[in-house]
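Student: So that you have it, the file is input_25.cif, and it contains mmCIF, C-alpha atoms:
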```cif
data_entry
#
loop_
_atom_site.label_atom_id
_atom_site.label_comp_id
_atom_site.auth_asym_id
_atom_site.auth_seq_id
_atom_site.Cartn_x
_atom_site.Cartn_y
_atom_site.Cartn_z
CA MET C 466 132.02 87.25 103.36
CA ILE C 467 130.26 84.89 100.98
CA TYR C 468 127.30 86.51 99.26
CA LEU C 469 124.43 84.12 98.53
CA ASP C 470 121.60 86.66 98.44
CA TYR C 471 121.41 87.38 94.70
CA ALA C 472 117.60 87.24 94.77
CA ALA C 473 117.68 90.40 96.90
CA SER C 474 120.12 92.32 94.71
CA THR C 475 123.14 91.73 92.50
CA PRO C 476 126.48 93.47 91.98
CA VAL C 477 126.57 95.79 89.00
CA ASP C 478 128.48 94.27 86.09
CA PRO C 479 131.75 96.17 85.44
CA ALA C 480 130.76 96.68 81.80
CA VAL C 481 127.51 98.29 82.98
CA ILE C 482 129.39 100.61 85.32
CA GLU C 483 131.66 101.61 82.45
CA SER C 484 128.73 102.29 80.12
CA MET C 485 127.09 104.51 82.74
CA ALA C 486 130.34 106.36 83.45
CA VAL C 487 130.84 107.02 79.74
CA ALA C 488 127.26 108.25 79.44
CA MET C 489 127.61 110.56 82.43
CA ALA C 490 130.93 111.98 81.20
CA ALA C 491 129.90 112.40 77.57
CA PRO C 492 129.61 116.05 76.46
CA GLY C 493 125.99 117.08 76.48
CA ASN C 494 124.67 114.12 78.41
CA TYR C 495 123.55 116.54 81.12
CA ALA C 496 120.96 117.88 78.67
CA ASN C 497 117.31 117.02 79.22
CA PRO C 498 116.26 114.26 76.79
CA SER C 499 113.00 116.16 76.27
CA SER C 500 114.89 119.11 74.77
CA THR C 501 114.84 119.54 71.00
CA HIS C 502 118.35 120.98 70.65
CA SER C 503 121.35 118.87 69.60
CA GLU C 504 122.47 117.99 73.13
CA GLY C 505 118.97 116.89 74.10
CA ARG C 506 118.75 114.78 70.95
CA TYR C 507 122.04 113.10 71.88
CA SER C 508 120.67 112.08 75.30
CA ASN C 509 117.54 110.83 73.62
CA GLU C 510 119.60 108.72 71.23
CA LEU C 511 121.30 107.00 74.17
CA ILE C 512 117.89 106.25 75.67
CA ALA C 513 116.56 104.91 72.37
CA ARG C 514 119.55 102.57 72.08
CA ALA C 515 118.94 101.24 75.58
CA ALA C 516 115.26 100.69 74.77
CA GLY C 517 116.32 98.59 71.79
CA GLN C 518 118.64 96.51 73.97
CA LEU C 519 115.94 95.80 76.56
CA ALA C 520 113.35 95.12 73.87
CA GLU C 521 115.64 92.54 72.26
CA LEU C 522 116.07 90.78 75.61
CA VAL C 523 112.33 90.41 76.21
CA GLY C 524 111.21 89.98 72.61
CA THR C 525 109.15 93.04 71.89
CA SER C 526 109.19 96.50 70.29
CA PRO C 527 110.98 99.35 72.11
CA ASP C 528 107.88 101.54 71.96
CA ARG C 529 106.09 99.06 74.24
CA LEU C 530 108.40 99.90 77.17
CA ILE C 531 107.90 102.59 79.82
CA TRP C 532 110.88 103.50 82.02
CA THR C 533 110.24 103.44 85.77
CA SER C 534 112.29 103.51 88.97
CA GLY C 535 112.08 99.73 89.32
CA ALA C 536 109.73 96.77 89.64
CA THR C 537 107.85 98.21 92.62
CA GLU C 538 106.80 101.27 90.65
CA SER C 539 106.09 99.15 87.59
CA ASP C 540 103.86 96.83 89.62
CA ASN C 541 101.97 99.75 91.11
CA LEU C 542 101.54 101.51 87.78
CA ALA C 543 100.37 98.33 86.09
CA ILE C 544 97.91 97.23 88.77
CA LEU C 545 96.51 100.55 89.95
CA GLY C 546 96.63 102.05 86.47
CA ALA C 547 94.95 99.14 84.69
CA ALA C 548 92.30 98.57 87.36
CA THR C 549 91.32 102.24 87.33
CA TYR C 550 91.27 102.47 83.55
CA ARG C 551 89.16 99.30 83.19
CA GLU C 552 86.81 99.94 86.10
CA ASP C 553 83.81 99.93 83.78
CA ARG C 554 84.79 96.40 82.69
CA GLY C 555 84.39 95.14 86.25
CA ARG C 556 85.70 95.49 89.78
CA HIS C 557 86.85 91.92 90.35
CA LEU C 558 90.60 91.21 90.53
CA VAL C 559 92.58 87.99 90.99
CA SER C 560 96.05 87.37 92.40
CA MET C 561 97.97 84.87 94.54
CA ARG C 562 98.77 84.88 98.23
CA THR C 563 102.43 84.27 97.37
CA GLU C 564 102.97 87.47 95.39
CA HIS C 565 105.51 90.13 96.36
CA LYS C 566 104.32 92.98 98.58
CA ALA C 567 104.67 95.32 95.58
CA VAL C 568 101.70 93.40 94.15
CA THR C 569 99.67 92.43 97.21
CA ASP C 570 99.67 95.93 98.68
CA PRO C 571 98.29 97.65 95.54
CA PHE C 572 95.55 95.00 95.42
CA ALA C 573 94.79 95.62 99.09
CA THR C 574 94.57 99.35 98.33
CA LEU C 575 92.12 98.66 95.51
CA ALA C 576 90.05 96.50 97.87
CA GLN C 577 89.76 99.51 100.18
CA ARG C 578 88.43 101.47 97.19
CA GLY C 579 85.61 99.03 96.59
CA PHE C 580 87.21 96.46 94.31
CA GLU C 581 86.83 92.77 95.12
CA VAL C 582 90.02 90.67 95.21
CA THR C 583 90.16 86.88 95.03
CA TRP C 584 93.37 85.54 96.57
CA LEU C 585 94.37 82.15 95.19
CA ASP C 586 96.36 79.61 97.19
CA PRO C 587 99.22 77.77 95.49
CA ASP C 588 99.42 74.03 95.09
CA PRO C 589 101.79 72.33 97.58
CA ASP C 590 104.73 72.84 95.20
CA GLY C 591 104.02 76.57 94.98
CA ARG C 592 102.55 76.66 91.48
CA LEU C 593 99.11 77.94 90.56
CA GLY C 594 96.80 75.23 89.30
CA LEU C 595 95.11 76.46 86.13
CA ASP C 596 91.87 74.88 87.31
CA LYS C 597 91.92 77.18 90.35
CA LEU C 598 92.32 80.20 88.13
CA GLN C 599 89.62 78.99 85.77
CA SER C 600 87.18 78.65 88.69
CA ALA C 601 88.08 82.09 90.02
CA LEU C 602 87.45 84.02 86.78
CA ARG C 603 84.07 85.73 86.52
CA ASP C 604 82.26 87.88 84.02
CA ASP C 605 83.32 90.99 85.95
CA THR C 606 86.97 89.95 86.36
CA GLN C 607 89.14 92.55 84.70
CA LEU C 608 92.72 91.94 85.92
CA VAL C 609 94.89 89.00 87.01
CA SER C 610 98.41 89.36 88.42
CA VAL C 611 100.63 86.29 88.88
CA MET C 612 104.42 86.58 89.02
CA HIS C 613 106.87 84.66 86.83
CA VAL C 614 109.47 83.56 89.42
CA ASN C 615 108.71 83.73 93.14
CA ASN C 616 111.26 85.80 95.03
CA GLU C 617 111.28 83.51 98.08
CA THR C 618 110.94 79.99 96.70
CA GLY C 619 112.06 80.43 93.08
CA ILE C 620 108.92 78.69 91.80
CA VAL C 621 108.37 79.33 88.08
CA GLN C 622 104.73 79.84 87.14
CA ASP C 623 103.17 78.79 83.84
CA ILE C 624 102.69 82.35 82.60
CA ALA C 625 101.80 81.15 79.09
CA GLY C 626 98.98 78.95 80.39
CA ILE C 627 97.73 81.61 82.78
CA GLY C 628 97.81 84.20 80.02
CA GLU C 629 95.85 82.00 77.64
CA LEU C 630 93.06 81.56 80.19
CA CYS C 631 92.94 85.30 80.77
CA ARG C 632 92.91 86.11 77.08
CA GLU C 633 90.04 83.69 76.45
CA ARG C 634 87.97 85.62 79.00
CA GLY C 635 89.05 89.13 77.97
CA VAL C 636 90.93 89.65 81.24
CA LEU C 637 94.18 91.62 81.42
CA TYR C 638 97.20 89.67 82.67
CA HIS C 639 100.05 91.34 84.56
CA VAL C 640 103.32 89.56 85.34
CA ASP C 641 105.87 90.64 87.93
CA ALA C 642 109.11 89.56 86.22
CA ALA C 643 111.53 91.12 88.71
CA GLN C 644 113.16 87.74 89.35
CA SER C 645 113.02 86.41 85.77
CA CYS C 646 113.89 89.29 83.44
CA GLY C 647 117.41 88.69 82.17
CA LYS C 648 117.52 85.23 83.77
CA LEU C 649 114.90 83.20 81.87
CA PRO C 650 113.89 83.42 78.20
CA ILE C 651 110.98 85.83 77.66
CA ASP C 652 109.31 86.50 74.30
CA LEU C 653 106.59 89.06 74.92
CA ASP C 654 105.47 89.18 71.31
CA ALA C 655 104.61 85.48 71.61
CA LEU C 656 103.38 85.32 75.22
CA PRO C 657 99.74 86.17 76.10
CA VAL C 658 100.93 88.78 78.61
CA ASP C 659 99.54 92.32 78.67
CA LEU C 660 101.70 93.99 81.33
CA MET C 661 105.13 92.98 82.65
CA SER C 662 107.26 94.60 85.35
CA MET C 663 111.08 94.54 85.22
CA THR C 664 113.99 95.92 87.21
CA ALA C 665 117.73 96.19 86.57
CA HIS C 666 119.26 95.46 89.96
CA LYS C 667 118.10 91.83 90.02
CA PHE C 668 120.30 90.94 87.03
CA TYR C 669 123.54 92.88 87.49
CA GLY C 670 122.30 96.36 86.68
CA PRO C 671 121.95 99.55 88.74
CA LYS C 672 119.30 100.16 91.38
CA GLY C 673 116.67 102.78 90.69
CA ILE C 674 115.74 101.88 87.10
CA GLY C 675 113.20 99.46 85.67
CA ALA C 676 110.54 99.22 83.02
CA LEU C 677 106.92 98.34 82.41
CA TYR C 678 105.88 96.52 79.24
CA ILE C 679 102.44 97.48 77.93
CA ALA C 680 101.15 95.29 75.10
CA ASP C 681 100.00 96.85 71.85
CA ARG C 682 96.53 95.39 72.05
CA LYS C 683 93.06 96.87 72.19
CA GLY C 684 91.97 97.54 75.75
CA VAL C 685 95.47 97.37 77.23
CA HIS C 686 96.17 100.69 78.88
CA VAL C 687 97.01 102.15 82.28
CA ASP C 688 96.01 105.42 83.89
CA PRO C 689 99.06 107.38 85.11
CA MET C 690 99.90 107.72 88.79
CA LEU C 691 102.24 110.69 88.26
CA PHE C 692 101.58 113.94 86.47
CA GLY C 693 103.97 116.50 85.08
CA GLY C 694 105.78 117.18 81.84
CA GLY C 695 104.03 114.61 79.72
CA GLN C 696 107.03 112.39 79.00
CA GLN C 697 106.55 108.75 77.98
CA ARG C 698 103.10 109.24 76.44
CA ARG C 699 102.00 110.91 79.72
CA LEU C 700 101.91 107.48 81.36
CA ARG C 701 104.98 108.13 83.51
CA PRO C 702 106.15 111.75 83.26
CA GLY C 703 109.40 113.08 84.65
CA THR C 704 112.89 113.82 83.35
CA LEU C 705 114.45 110.53 82.26
CA PRO C 706 117.69 109.49 84.06
CA THR C 707 119.87 108.95 80.99
CA GLN C 708 122.75 107.19 82.72
CA GLN C 709 120.44 104.81 84.61
CA ILE C 710 118.64 103.87 81.41
CA VAL C 711 121.95 103.35 79.60
CA GLY C 712 122.92 101.02 82.46
CA LEU C 713 119.75 98.98 82.12
CA GLY C 714 120.27 98.76 78.37
CA GLU C 715 123.82 97.44 78.78
CA THR C 716 122.61 95.03 81.48
CA ALA C 717 120.02 93.68 79.05
CA ALA C 718 122.58 93.34 76.23
CA ILE C 719 124.89 91.30 78.47
CA ALA C 720 122.01 89.09 79.65
CA THR C 721 120.98 88.40 76.06
CA GLN C 722 124.44 86.97 75.40
CA ARG C 723 124.97 85.17 78.73
CA MET C 724 121.56 83.77 79.68
CA ALA C 725 122.12 80.15 78.65
CA GLN C 726 125.57 80.12 80.24
CA ASP C 727 124.27 81.71 83.44
CA LEU C 728 121.43 79.18 83.74
CA GLU C 729 123.79 76.24 83.37
CA HIS C 730 126.10 77.75 86.00
CA LEU C 731 123.25 78.33 88.46
CA ARG C 732 121.86 74.83 88.00
CA THR C 733 125.29 73.34 88.73
CA LEU C 734 125.62 75.41 91.89
CA ARG C 735 122.13 74.68 93.21
CA ASP C 736 122.43 70.94 92.56
CA ARG C 737 125.86 70.89 94.23
CA PHE C 738 124.52 72.70 97.29
CA TRP C 739 121.45 70.48 97.61
CA ALA C 740 123.52 67.32 97.18
CA GLY C 741 125.71 68.50 100.06
CA ILE C 742 122.91 69.06 102.57
CA GLN C 743 120.00 66.83 101.55
CA ASP C 744 120.93 63.99 103.95
CA LEU C 745 120.38 66.24 107.00
CA PRO C 746 117.37 64.91 108.95
CA GLY C 747 114.24 67.04 108.97
CA LEU C 748 115.19 69.14 105.94
CA ILE C 749 112.40 70.46 103.69
CA VAL C 750 112.62 72.14 100.28
CA ASN C 751 110.13 74.99 100.21
CA GLY C 752 108.79 74.92 96.70
CA SER C 753 110.02 72.51 94.07
CA LEU C 754 113.37 71.63 92.55
CA GLU C 755 111.61 70.48 89.38
CA HIS C 756 109.64 73.69 88.86
CA GLY C 757 112.08 76.11 90.49
CA PHE C 758 114.43 78.69 89.07
CA PRO C 759 117.92 77.26 89.69
CA GLY C 760 119.23 80.48 91.22
CA ILE C 761 117.07 80.09 94.35
CA LEU C 762 116.91 77.31 96.94
CA ASN C 763 114.73 77.78 100.03
CA VAL C 764 115.04 75.16 102.77
CA SER C 765 113.69 74.73 106.30
CA ALA C 766 115.38 72.70 109.03
CA ALA C 767 113.00 71.26 111.61
CA GLY C 768 113.88 72.04 115.21
CA VAL C 769 115.99 75.10 114.40
CA GLU C 770 115.07 78.76 114.99
CA GLY C 771 115.59 80.90 111.92
CA GLU C 772 117.23 84.01 113.39
CA SER C 773 119.68 81.91 115.40
CA LEU C 774 120.50 79.94 112.26
CA LEU C 775 121.05 83.14 110.31
CA LEU C 776 123.55 84.38 112.90
CA ALA C 777 125.25 80.97 113.04
CA LEU C 778 125.77 81.03 109.28
CA GLU C 779 127.96 84.14 109.28
CA PRO C 780 129.94 85.06 107.18
CA LEU C 781 127.29 83.79 104.73
CA CYS C 782 125.00 86.52 103.40
CA VAL C 783 121.63 84.79 103.03
CA ALA C 784 118.01 85.62 103.82
CA THR C 785 115.24 84.30 106.03
CA GLY C 786 112.35 84.35 103.57
CA SER C 787 112.31 87.40 101.30
CA ALA C 788 114.73 90.27 101.70
CA CYS C 789 111.76 92.64 101.88
CA ASN C 790 110.57 90.95 105.09
CA SER C 791 113.85 89.81 106.61
CA LYS C 792 113.61 92.36 109.46
CA SER C 793 110.18 91.14 110.48
CA GLN C 794 109.72 88.56 113.22
CA GLU C 795 106.53 87.32 111.57
CA PRO C 796 106.67 84.03 109.64
CA SER C 797 106.87 84.46 105.87
CA TYR C 798 103.36 84.76 104.45
CA VAL C 799 104.60 83.06 101.28
CA LEU C 800 105.77 79.98 103.16
CA ARG C 801 102.62 79.96 105.29
CA ALA C 802 100.61 79.89 102.06
CA LEU C 803 102.53 76.73 101.12
CA GLY C 804 101.23 75.11 104.29
CA LEU C 805 104.30 75.43 106.52
CA SER C 806 103.90 75.82 110.26
CA ASP C 807 105.12 78.99 111.95
CA GLU C 808 108.14 77.08 113.25
CA LEU C 809 109.18 75.72 109.86
CA ALA C 810 108.51 79.03 108.13
CA GLN C 811 110.73 80.85 110.65
CA ALA C 812 113.45 78.20 110.19
CA ALA C 813 113.60 78.81 106.42
CA ILE C 814 116.76 80.09 104.77
CA ARG C 815 116.83 81.31 101.17
CA PHE C 816 120.09 80.66 99.38
CA SER C 817 120.31 82.46 96.06
CA PHE C 818 123.23 82.05 93.70
CA GLY C 819 124.61 84.36 91.05
CA ARG C 820 126.96 84.80 88.15
CA PRO C 821 130.01 85.44 90.41
CA THR C 822 129.30 82.50 92.78
CA THR C 823 131.99 79.81 92.77
CA GLU C 824 131.85 76.10 93.59
CA ALA C 825 134.32 76.74 96.40
CA GLU C 826 131.89 79.22 97.96
CA VAL C 827 129.10 76.67 97.68
CA ASP C 828 131.25 74.03 99.39
CA THR C 829 131.99 76.46 102.23
CA ALA C 830 128.27 77.24 102.52
CA ILE C 831 127.48 73.53 102.71
CA ALA C 832 129.91 73.05 105.58
CA LEU C 833 128.63 76.13 107.43
CA TYR C 834 124.97 75.15 107.04
CA ARG C 835 125.52 71.54 108.13
CA GLY C 836 127.56 72.65 111.12
CA ALA C 837 125.09 75.34 112.17
CA VAL C 838 122.03 73.09 111.98
CA THR C 839 123.74 70.28 113.87
CA ARG C 840 125.08 72.62 116.56
CA LEU C 841 121.77 74.43 117.13
CA ARG C 842 119.90 71.15 117.41
CA GLN C 843 122.36 69.99 120.04
CA LEU C 844 121.93 73.22 122.00
CA ALA C 845 118.13 73.18 121.85
CA PRO C 846 116.90 69.68 121.00
CA ALA C 847 113.27 69.37 119.97
CA ALA C 848 110.94 68.59 122.85
#
```
If you convert what's in this file into structure tokens, what do you get?

Tutor:
Amino acid sequence: MIYLDYAASTPVDPAVIESMAVAMAAPGNYANPSSTHSEGRYSNELIARAAGQLAELVGTSPDRLIWTSGATESDNLAILGAATYREDRGRHLVSMRTEHKAVTDPFATLAQRGFEVTWLDPDPDGRLGLDKLQSALRDDTQLVSVMHVNNETGIVQDIAGIGELCRERGVLYHVDAAQSCGKLPIDLDALPVDLMSMTAHKFYGPKGIGALYIADRKGVHVDPMLFGGGQQRRLRPGTLPTQQIVGLGETAAIATQRMAQDLEHLRTLRDRFWAGIQDLPGLIVNGSLEHGFPGILNVSAAGVEGESLLLALEPLCVATGSACNSKSQEPSYVLRALGLSDELAQAAIRFSFGRPTTEAEVDTAIALYRGAVTRLRQLAPAA
């Protein structure tokens, strides 16, 4: 087995596992962090330390972070919570057709509640033209959501430029950073971003824990979706999972130290893989190498059916489009938004590389991909 599906999820770093095990075994860690006795205060200290580690990674204050179960919950809390809170500001919302389902579905839900959503198409390389956003903003626009790194194509959006446009118009800006947190430099105190969603399992942390950044700025607030004990300023109540939060904190601390090294490693792997397959006829890069995160390469091979290609690539673990839609027979809506035909969209394979990936694994993947494409074309030549 060669795992090249790091955009879907990543193995938990051994140091993170150790930190969680220590936290779970520590005397008193079973205490509720909301409790005021000594054991509760100890759990709360572990959580505070983790908040500091994550805050350092993304360049903000710990008190700006709300713990969640992951990026999906963070996206929902940010979008539904902000839109509801700011309803008197306007009922017009803006997003892109290439966003993750954790963003598009909340917007679709708001549309059913009477909000108006403008869906923006990407440029051919997958990026959002700032002129398109400028034209879409209206006096009653109250929220924009555009992700940092696309989960299917790896395209990196200009979140600073988008945020500046939003700030000029008094519009809140939410960023889904599930694919960029811990992988690309983020300085939230400097960026014009109001809300940012993060998750641990995309950068070598545990599943089931994430965070939502809420800027300390007038008018930036979200209504809660959950109600209960009043934890986390009543924005997301519930007993905090101490060991999960400790794991995210350690994940963030490791990423702070390794980010530059990881990026160089990923760029070497992606460039090596692309150099090994780019001479295949009818091969298309979905997105852009220039504007793409180096951990993701999405390619389509003309004249090849995607599911057959996926089976022919075993023992490679890769994805057809996004992992969230890999069981669907429908063409990827993200790739369709880039202008691909149904056939090319279904023939797309997403290769995503990670910290443990070796050059030897990449070389094996090159050989398997070249062989599979050539063999399938011979079996079913294009009409």

Student: May I have the residues within 7 Å of stretch 666-668 of chain C as a PyMOL selection string, using all atoms listed in the file and disregarding those fewer than 5 positions away in the same chain?

Tutor: chain C and resi 472+474-475+643-644+647

Student: Given the file shown, determine the residues that the PyMOL selection byres ((chain C and resi 767-778) around 12) selects; report them as a count of residues only.

Tutor: 60

Student: Using atom CA of C:Gly670 and atom CA of C:Val481 as the two end points, give the distance in Å to one decimal.

Tutor: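 Computing it gives 6.7 Å between the two atoms.
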
Student: Taking into account only C-alpha atoms, which residue in the set C:Gln599, C:Ser610, C:Ser484, C:Thr525 is nearest to C:Ile679?

Tutor: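 Of all the options, C:Thr525 lies closest to C:Ile679.
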
Student: Grab the atom CA of C:Ala486 to atom CA of C:Ala720 distance for me, in Å with one decimal place.

Tutor: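 Computing it gives 19.5 Å between the two atoms.
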
Student: I want to know what sits within 12 Å of C:Gly626, based on only C-alpha atoms, with residues of the same chain fewer than 2 positions away left out; could you give that as number ranges by chain?

Tutor: C: 592-596, 598-599, 611, 613, 622-624, 628-633, 638, 656-658

Student: Of the candidates C:Ala496, C:Ile482, C:Arg514, C:Gly757, which shows the shortest atom-to-atom distance to C:Asp736, using only C-alpha atoms?

Tutor: C:Gly757

Student: I would like the residues chosen by the PyMOL selection byres ((chain C and resi 489) around 12) on the shown file; could you give them as a list in words?

Tutor: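 Applying the expression gives Ile482, Glu483, Ser484, Met485, Ala486, Val487, Ala488, Ala490, Ala491, Pro492, Gly493, Asn494, Tyr495, Ala496, Ser508, Leu511, Pro706, Thr707, Gln708, Gln709, Ile710, Val711 and Gly712 of chain C.
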
Student: Taking the file as I've supplied it (selection: the PyMOL selection byres ((chain C and resi 548) around 10)), which residues are included? Please answer as a PyMOL selection string.

Tutor: chain C and resi 542-547+549-558+572+575+580+607-609+637+686-688

Student: Ranking C:Thr537, C:Met661, C:Ala676, C:Thr823 by minimum distance to C:Arg735 and counting only C-alpha atoms, which one comes first?

Tutor: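 Going through C:Thr537, C:Met661, C:Ala676, C:Thr823 one by one, the smallest distance to C:Arg735 is for C:Thr823.
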
Student: Quick one: everything within 8 Å of C:Ala665, counting only C-alpha atoms, minus sequence neighbours fewer than 3 positions away in the same chain. Send it as a list in words.

Tutor: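 Counting only the stated atoms, we get Gly535, Phe668, Tyr669, Gly670, Pro671, Lys672, Gly673, Ile674, Gly675, Leu713 and Thr716 of chain C.
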
Student: What separation in Å, quoted to one decimal, exists between atom CA of C:Leu585 and atom CA of C:Asp470?

Tutor: 27.8 Å

Student: Given all atoms listed in the file as the basis, pick out the residue of C:Arg723, C:His639, C:Arg801, C:Arg529 nearest to C:Val568.

Tutor: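 Of C:Arg723, C:His639, C:Arg801, C:Arg529, the one nearest C:Val568, counting all atoms listed in the file, is C:His639.
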
Student: Under the rule that all atoms listed in the file are counted, which of C:Arg698, C:His730, C:His502, C:Arg562 is the nearest residue to C:Leu803?

Tutor: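 Ranking C:Arg698, C:His730, C:His502, C:Arg562 by distance to C:Leu803, first place goes to C:Arg562.
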
Student: Fewer than 2 positions away in the same chain doesn't count, so skip those; otherwise give me all residues within 7 Å of C:Gly524, counting all atoms listed in the file, as a list in words.

Tutor: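 Result of the neighbour search: Ala520, Glu521, Leu522, Ile651, Asp652, Leu653 and Asp654 of chain C.
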
Student: Store the residues picked out above in a file with C-alpha atoms, as a PDB file, keeping the file's coordinate frame.

Tutor:
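Listing of selection.pdb after writing:
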```
ATOM      1  CA  ALA C 520     113.350  95.120  73.870  1.00  0.00           C
ATOM      2  CA  GLU C 521     115.640  92.540  72.260  1.00  0.00           C
ATOM      3  CA  LEU C 522     116.070  90.780  75.610  1.00  0.00           C
ATOM      4  CA  ILE C 651     110.980  85.830  77.660  1.00  0.00           C
ATOM      5  CA  ASP C 652     109.310  86.500  74.300  1.00  0.00           C
ATOM      6  CA  LEU C 653     106.590  89.060  74.920  1.00  0.00           C
ATOM      7  CA  ASP C 654     105.470  89.180  71.310  1.00  0.00           C
TER       8      ASP C 654
END
```

Student: Smallest atom-to-atom distance to C:Asn615: which of C:Thr704, C:Gln722, C:Thr563, C:Thr583, using all atoms listed in the file?

Tutor: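 Between C:Thr704, C:Gln722, C:Thr563, C:Thr583, the residue approaching C:Asn615 most closely is C:Thr563.
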
Student: What would stretch 674-695 of chain C look like with N, CA and C atoms in place, written as an mmCIF file, keeping the file's coordinate frame?

Tutor:
```cif
data_model
loop_
_atom_site.group_PDB
_atom_site.id
_atom_site.type_symbol
_atom_site.label_atom_id
_atom_site.label_comp_id
_atom_site.auth_asym_id
_atom_site.auth_seq_id
_atom_site.Cartn_x
_atom_site.Cartn_y
_atom_site.Cartn_z
ATOM 1 N N ILE C 674 116.241 101.821 88.474
ATOM 2 C CA ILE C 674 115.740 101.880 87.100
ATOM 3 C C ILE C 674 115.079 100.544 86.749
ATOM 4 N N GLY C 675 113.936 100.631 86.110
ATOM 5 C CA GLY C 675 113.200 99.460 85.670
ATOM 6 C C GLY C 675 112.331 99.834 84.490
ATOM 7 N N ALA C 676 111.404 98.965 84.163
ATOM 8 C CA ALA C 676 110.540 99.220 83.020
ATOM 9 C C ALA C 676 109.216 98.498 83.196
ATOM 10 N N LEU C 677 108.218 98.992 82.500
ATOM 11 C CA LEU C 677 106.920 98.340 82.410
ATOM 12 C C LEU C 677 106.596 98.114 80.947
ATOM 13 N N TYR C 678 106.332 96.865 80.600
ATOM 14 C CA TYR C 678 105.880 96.520 79.240
ATOM 15 C C TYR C 678 104.363 96.658 79.198
ATOM 16 N N ILE C 679 103.874 97.339 78.159
ATOM 17 C CA ILE C 679 102.440 97.480 77.930
ATOM 18 C C ILE C 679 102.153 96.988 76.518
ATOM 19 N N ALA C 680 101.393 95.917 76.398
ATOM 20 C CA ALA C 680 101.150 95.290 75.100
ATOM 21 C C ALA C 680 100.405 96.224 74.158
ATOM 22 N N ASP C 681 100.691 96.089 72.888
ATOM 23 C CA ASP C 681 100.000 96.850 71.850
ATOM 24 C C ASP C 681 98.770 96.068 71.430
ATOM 25 N N ARG C 682 97.741 96.166 72.260
ATOM 26 C CA ARG C 682 96.530 95.390 72.050
ATOM 27 C C ARG C 682 95.334 96.202 72.529
ATOM 28 N N LYS C 683 94.244 96.097 71.839
ATOM 29 C CA LYS C 683 93.060 96.870 72.190
ATOM 30 C C LYS C 683 92.656 96.600 73.637
ATOM 31 N N GLY C 684 92.416 97.659 74.372
ATOM 32 C CA GLY C 684 91.970 97.540 75.750
ATOM 33 C C GLY C 684 93.085 97.484 76.771
ATOM 34 N N VAL C 685 94.336 97.414 76.301
ATOM 35 C CA VAL C 685 95.470 97.370 77.230
ATOM 36 C C VAL C 685 95.995 98.787 77.417
ATOM 37 N N HIS C 686 95.774 99.321 78.593
ATOM 38 C CA HIS C 686 96.170 100.690 78.880
ATOM 39 C C HIS C 686 96.217 100.863 80.389
ATOM 40 N N VAL C 687 96.980 101.842 80.853
ATOM 41 C CA VAL C 687 97.010 102.150 82.280
ATOM 42 C C VAL C 687 96.816 103.653 82.460
ATOM 43 N N ASP C 688 96.093 104.018 83.501
ATOM 44 C CA ASP C 688 96.010 105.420 83.890
ATOM 45 C C ASP C 688 97.288 105.781 84.634
ATOM 46 N N PRO C 689 97.819 106.982 84.428
ATOM 47 C CA PRO C 689 99.060 107.380 85.110
ATOM 48 C C PRO C 689 98.840 107.576 86.605
ATOM 49 N N MET C 690 99.916 107.404 87.357
ATOM 50 C CA MET C 690 99.900 107.720 88.790
ATOM 51 C C MET C 690 100.627 109.021 89.069
ATOM 52 N N LEU C 691 101.473 109.446 88.134
ATOM 53 C CA LEU C 691 102.240 110.690 88.260
ATOM 54 C C LEU C 691 101.819 111.655 87.168
ATOM 55 N N PHE C 692 101.974 112.926 87.445
ATOM 56 C CA PHE C 692 101.580 113.940 86.470
ATOM 57 C C PHE C 692 102.656 115.012 86.415
ATOM 58 N N GLY C 693 102.912 115.505 85.204
ATOM 59 C CA GLY C 693 103.970 116.500 85.080
ATOM 60 C C GLY C 693 104.188 116.911 83.643
ATOM 61 N N GLY C 694 105.395 116.660 83.143
ATOM 62 C CA GLY C 694 105.780 117.180 81.840
ATOM 63 C C GLY C 694 105.261 116.448 80.637
ATOM 64 N N GLY C 695 104.614 115.320 80.849
ATOM 65 C CA GLY C 695 104.030 114.610 79.720
ATOM 66 C C GLY C 695 104.951 113.634 79.039
#
```
